[in-house]
Amino acid sequence: MHTQEEDDAAVSEEIARYRNIVLSACSSLGNMLPKDVAATLSSPAKDGPPPMHYVPSKDCLGSLKDIKRYIQLDEQGEGKLVLQWLGEWSILERDITPIFIINAKTLLVTATSLKKDGRDDDQALKIVVSCVELFVFLTWSMDSETEEVKMQFIRILRSYKRAFANDEVIFCLLAIAVMYMKRGSALSEKEWMMVKGILYVFRNILAIPDPLVSPSSGAMAAQIEVHDRLIAVLEKQMAIDFFLTLASSADQRRLKDLRKTLLDIVYYLFYRVPVTALFSQQQDTWFKDSEHHRTKSSRHNNFGGVYAVSTGEGTIMPVFNAREVLQPFANLFRKRAKVQKPKETGEAPVDRQWRTVNAESISVLRRIAAVFIESCYNPFISVLFEDSRSGVMVVDEFTPRLLYMAAYFVDISLANSAIELGCTCALVQTSTFGLVMRHASSYVELKEWNRLEPAMYCIQQILLALSKMRRTKLESLGENVLSNLFYDGDALDLFVKLCRVYKPTRTSREFLEQVARLTETFLDTLKGYSETKVGMTVKKRVKKRVPKVKKDDENDQENDADSDSAVADTDANAEAMEIDDEDIGDESKEVEDIEETLVERDFNMKQYETAFAVSDVVKAYSHLLAPPTSMEYVFPMLYRIAVTCQRPHLFFKKNIMLRLLLLFDDQYTYPRRSEVIELVAWIFRQYLTVISSPALTNQFKAEPLNNRMAVECVLAFLKRSGMGKTIAPVITKHLIKLQAEGAGDGSNSSKDDDDTVDDTKTDPSLLTSSAHAAGSTSTLASGAVNSYAAGVEINENELDDYGLDDFDFDF
């Protein structure tokens with residue numbers, strides 16, 4: 001019986017024997033020899049070694065085929081041993097690349113005569129085919145492998161990328177591809193496979209990621225990063241022009257198999273390059289640097305005065321400005337405001353870890369973008385969406401990458417007034433927009449958050465393009481797309497769902513920022529459109545119930561059906577009624593079944609905005625406050641919920657209030673700062689009104705902050721600054737007085753309507769107490785609070801009962 005040690009030794013011995021076999025095949029490929037062997041032997045060089053060149057062996061073709069067979073056998077096992085050995089021995093750089101260059105040049109010289117003679121089995125052609133096949137195998141992405149295998153091979157793949165960033169290699173690959181593409185329909189199957197293989201090689205080497213290095217690394221970054229050097233070589237050898245030519249003709253049937261590869265090549269050319277990087281420096285092109293960068297708003301001014309703050313131990317500490325008042329607890333909250341990272345959910349189809357790009361590459365990428373938008377975008381993007389619609393491209397990462405690249409170039413075009421809107425109108429079509437919305441909805445249902453991000457980016461760019469089309473010759477196209485979008489109630493529901501799906505453990509902060517940008521863009525577009533349309537209607541799904549029918553009535557209906565089926569159908573439709581809470585329990589209206597149906601409703605913008613005024617949205621957006629980011633998109637939503645929809649109580653949770661406090665800190669600079677501070681101060685004044693009353697605290701479920709020093713700082717700030725008073729209060733002490741003084745007689749109902757809590761007299765212990773003795777006083781303000789909420793169309797508790805999947809609202 002063999003022991004485990006004996007078995008392991010036997011396996012190791014077998015692997016060593018197999019390794020020697022592979023090494024023997026690699027050693028038989030060729031050798032480096034002096035250019036003039038005879039001269040070297042007769043008179044050895046005195047000034048160093050003689051010039052060397054690579055000489056393939058006579059049987060190098062057989063060795064290439066053996067290596068290919070070993071790689072294919074290696075795919076059946078684990079660990080990729082053969083690929084790992086080939087990388088360790090640098091076989092691609094030392095042997096395969098020189099063999100390819102030598103035989104490619106021979107093939108290019110003799111191609112015409114070979115074609116005339118019909119000798120397709122020429123030795124040089126066979127060697128070139130074998131080399132290209134090995135190039136594809138050796139440079140193939142390891143993304144589908146385990147993390148351990150990827151870490152083992154990333155260094156090897158980067159060495160391959162450096163080897164291909166060579167003028168001679170790129171020239172030979174491109175020359176052979178162009179030579180065969182010129183033959184058009186006369187191309188043989190082997191020659192067509194050669195062209196596809198060469199495009200795979202270009203795609204593979206562009207896809208190999210450089211290590212992310214800091215811009216301050218200087219010379220080290222230039223040595224490590226190969227991508228910019230590779231782009232420069234592709235531009236010099238006109239390989240990029242070859243890609244653009246194929247993309248502009250991608251709607252041809254013969255290029256159908258190349259479309260996905262071309263999309264990947266374009267994606268990796270702009271790999272990890274944000275749109276803003278293309279406009280960071282002035283260039284002598286038609287791209288202009290203009291208003292793409294948003295200017296930060298000026299910092300909120302400090303308020304003068306002397307504040308007295310308790311340290312919590314009976315000591316009074318004088319401070320002299322708002323910054324100093326807020327500093328003690330701001331640092332404390334900042335420590336607590338740790339960003340919770342989401343769990344890993346697999347490889348993202350779009351990598352948005354932006355890299356530093358040198359000036360030369362920026363110039364090249366701008367030229368590529370200009371040519372692509374003007375000559376390739378519409379035919380290329382149109383046919384790719386057609387493939388996506390018909391299911392031709394059944395690849396996981398294809399659709400998200402298509403959505404991202406389609407939006408990426410629209411983003412570029414919107415930043416440049418010199419680009420005509422018609423150059424990117426392929427994306428702004430009703431059918432295409434509908435397809436994008438369906439993809440986004442599917443990703444939400446399947447919880448594919450990584451794939452949802454590029455879909456949201458694409459929707460946002462479409463909406464921005466549609467807005468820019470107003471008052472242009474393409475206005476009718478934009479109006480048609482928007483009318484179809486806003487007529488679909490499911491599409492409107494999608495944006496509400498997007499704001500409610502965020503969870504720190506499953507989605508990233510960048511995901512939430514994209515949600516905020518998209519939602520605000522959508523609401524601005526919807527508001528502008530609805531204001532220009534009178535009697536705007538929306539098709540939406542509603543749940544209806546059909547009353548139970550007695551047996552006698554069923555027999556009567558069967559007898560009447562033959563005589564007047566039309567009347568019967570009309571009666572049946574008339575009996576169907578929408579579910580109404582008031583009908584529940586009414587025996588005359590007992591339901592047999594609940595079904596969904598599509599109905600048209602008049603659209604009400606205020607009611608639709610109220611659909612966002614729920615606790616899930618407030619919780620999600622509050623994560624962008626610590627630290628404050630994307631505030632130009634977050635502030636409108638917070639204002640909409642708190643002021644427009646009159647729901648400040650949704651913010652009265654401990655974690656949310658602590659995040660709001662961070663906005664006072666002068667160390668943070670963000671857009672619309674003065675407006676944000678005014679809103680937050682107003683929310684705190686409403687919070688003080690509620691927390692000072694046990695009845696309102698219980699009714700609105702407000703939570704104490706449990707931080708006496710923070711409370712005192714807020715009170716001091718509100719007292720001295722006067723912030724938060726420009727907006728009319730929603731919650732006042734009048735809500736308490738109504739029921740206490742007798743709401744029925746109404747004798748004092750109009751007294752002290754604006755009587756808010758005096759911030760200077762609020763006891764901080766009320767705000768820091770863990771609970772209030774509500775007792776019988778919990779019902780004192782029930783009538784007043786109900787009247788306060790009466791103007792709100794949507795009951796939040798009911799929404800939570802339905803759950804996200806069944807969420808619906810009434811227009």
# chains A, B, ... in the order shown; residues from 1 in each chain; ligands from 1

call {"tool": "residues_around", "arguments": {"residues": "Ala465 in chain A", "least_positions_apart": "5", "cutoff": "12 Å", "atoms": "only C-alpha atoms", "output": "MDAnalysis selection string"}}
result
chainID A and resid 407 409:415 420:429 433 458:460 470 472 474:475 477:479 481:482 521:522 525

call {"tool": "select_by_dssp", "arguments": {"residues": "range 57-127 of chain A", "states": "alpha helix (DSSP H)", "output": "ChimeraX atom specification"}}
result
/A:60-74,81-88,91,97-117,123-127

call {"tool": "closest_residue", "arguments": {"among": "A:Phe137, A:Tyr54, A:Phe242, A:Tyr160", "to": "Lys182 in chain A", "atoms": "only C-alpha atoms"}}
result
A:Phe242

call {"tool": "residues_around", "arguments": {"residues": "Gly79 in chain A", "least_positions_apart": "2", "cutoff": "10 Å", "atoms": "only C-alpha atoms", "output": "VMD selection string"}}
result
chain A and resid 74 to 77 81 to 84 145 to 146 148 to 149 152

call {"tool": "atom_distance", "arguments": {"atom1": "CA of Gln607 in chain A", "atom2": "CA of Leu494 in chain A"}}
result
15.8 Å

call {"tool": "closest_residue", "arguments": {"among": "A:Met142, A:Gly489, A:Leu466, A:Asp228", "to": "Glu360 in chain A", "atoms": "only C-alpha atoms"}}
result
A:Asp228

call {"tool": "residues_around", "arguments": {"residues": "Ile99 in chain A", "least_positions_apart": "3", "cutoff": "9 Å", "atoms": "only C-alpha atoms", "output": "JSON, numbers by chain"}}
result
{"A": [29, 30, 54, 55, 56, 60, 95, 96, 102, 103, 104, 127, 128, 131]}

call {"tool": "closest_residue", "arguments": {"among": "A:Phe652, A:Trp449, A:Phe135, A:Tyr70", "to": "Tyr200 in chain A", "atoms": "only C-alpha atoms"}}
result
A:Phe135

call {"tool": "residues_around", "arguments": {"residues": "Gln237 in chain A", "least_positions_apart": "4", "cutoff": "12 Å", "atoms": "only C-alpha atoms", "output": "number ranges by chain"}}
result
A: 165-175, 230-233, 241-243

call {"tool": "write_last_selection", "arguments": {"atoms": "N, CA, C and O atoms", "output": "compact mmCIF listing (two decimals), in the first residue's frame"}}
result
# COMPACT_ATOMS: atom_id res chain seq x y z
N ALA A 165 4.82 45.51 -27.56
CA ALA A 165 4.94 46.96 -27.77
C ALA A 165 6.20 47.24 -28.57
O ALA A 165 7.10 47.98 -28.16
N ASN A 166 6.24 46.63 -29.76
CA ASN A 166 7.42 46.65 -30.62
C ASN A 166 6.97 46.93 -32.04
O ASN A 166 6.03 46.30 -32.54
N ASP A 167 7.62 47.87 -32.71
CA ASP A 167 7.21 48.29 -34.06
C ASP A 167 7.21 47.12 -35.04
O ASP A 167 6.29 46.98 -35.85
N GLU A 168 8.25 46.28 -34.98
CA GLU A 168 8.40 45.21 -35.96
C GLU A 168 7.31 44.16 -35.82
O GLU A 168 6.74 43.69 -36.81
N VAL A 169 6.98 43.80 -34.59
CA VAL A 169 5.94 42.78 -34.36
C VAL A 169 4.58 43.30 -34.81
O VAL A 169 3.84 42.60 -35.52
N ILE A 170 4.24 44.53 -34.41
CA ILE A 170 2.94 45.10 -34.79
C ILE A 170 2.84 45.26 -36.30
O ILE A 170 1.79 44.99 -36.90
N PHE A 171 3.93 45.69 -36.95
CA PHE A 171 3.92 45.85 -38.40
C PHE A 171 3.62 44.53 -39.10
O PHE A 171 2.80 44.48 -40.03
N CYS A 172 4.27 43.45 -38.68
CA CYS A 172 4.06 42.15 -39.33
C CYS A 172 2.63 41.65 -39.11
O CYS A 172 1.99 41.14 -40.05
N LEU A 173 2.12 41.77 -37.90
CA LEU A 173 0.73 41.35 -37.63
C LEU A 173 -0.24 42.13 -38.50
O LEU A 173 -1.16 41.55 -39.12
N LEU A 174 -0.07 43.44 -38.55
CA LEU A 174 -1.00 44.28 -39.30
C LEU A 174 -0.89 44.03 -40.79
O LEU A 174 -1.91 43.95 -41.50
N ALA A 175 0.33 43.90 -41.30
CA ALA A 175 0.53 43.71 -42.74
C ALA A 175 -0.14 42.43 -43.22
O ALA A 175 -0.77 42.41 -44.30
N LEU A 230 2.26 50.99 -25.91
CA LEU A 230 1.61 50.13 -26.91
C LEU A 230 0.68 50.95 -27.80
O LEU A 230 0.65 50.75 -29.03
N ILE A 231 -0.06 51.89 -27.23
CA ILE A 231 -0.94 52.75 -28.03
C ILE A 231 -0.12 53.56 -29.02
O ILE A 231 -0.52 53.74 -30.19
N ALA A 232 1.04 54.06 -28.59
CA ALA A 232 1.90 54.85 -29.48
C ALA A 232 2.38 54.00 -30.65
O ALA A 232 2.42 54.46 -31.81
N VAL A 233 2.72 52.73 -30.40
CA VAL A 233 3.17 51.84 -31.48
C VAL A 233 2.02 51.53 -32.43
O VAL A 233 2.19 51.54 -33.66
N ASP A 241 -5.95 52.82 -37.30
CA ASP A 241 -6.75 53.15 -38.49
C ASP A 241 -7.39 51.90 -39.08
O ASP A 241 -8.50 51.95 -39.61
N PHE A 242 -6.68 50.78 -39.00
CA PHE A 242 -7.24 49.51 -39.46
C PHE A 242 -8.45 49.12 -38.63
O PHE A 242 -9.50 48.70 -39.17
N PHE A 243 -8.36 49.27 -37.31
CA PHE A 243 -9.49 48.96 -36.44
C PHE A 243 -10.68 49.87 -36.75
O PHE A 243 -11.83 49.39 -36.82

call {"tool": "residues_around", "arguments": {"residues": "Trp192 in chain A", "least_positions_apart": "5", "cutoff": "12 Å", "atoms": "only C-alpha atoms", "output": "PyMOL selection string"}}
result
chain A and resi 129+176-187+197-199+254-255+257-258

call {"tool": "residues_around", "arguments": {"residues": "Arg229 in chain A", "least_positions_apart": "3", "cutoff": "12 Å", "atoms": "only C-alpha atoms", "output": "PyMOL selection string"}}
result
chain A and resi 161-167+206+210+221-226+232-236+269+357-362+364

call {"tool": "atom_distance", "arguments": {"atom1": "CA of Ser159 in chain A", "atom2": "CA of Val201 in chain A"}}
result
14.6 Å

call {"tool": "closest_residue", "arguments": {"among": "A:Tyr404, A:Phe372, A:Trp140, A:Phe651", "to": "Ile240 in chain A", "atoms": "only C-alpha atoms"}}
result
A:Phe372
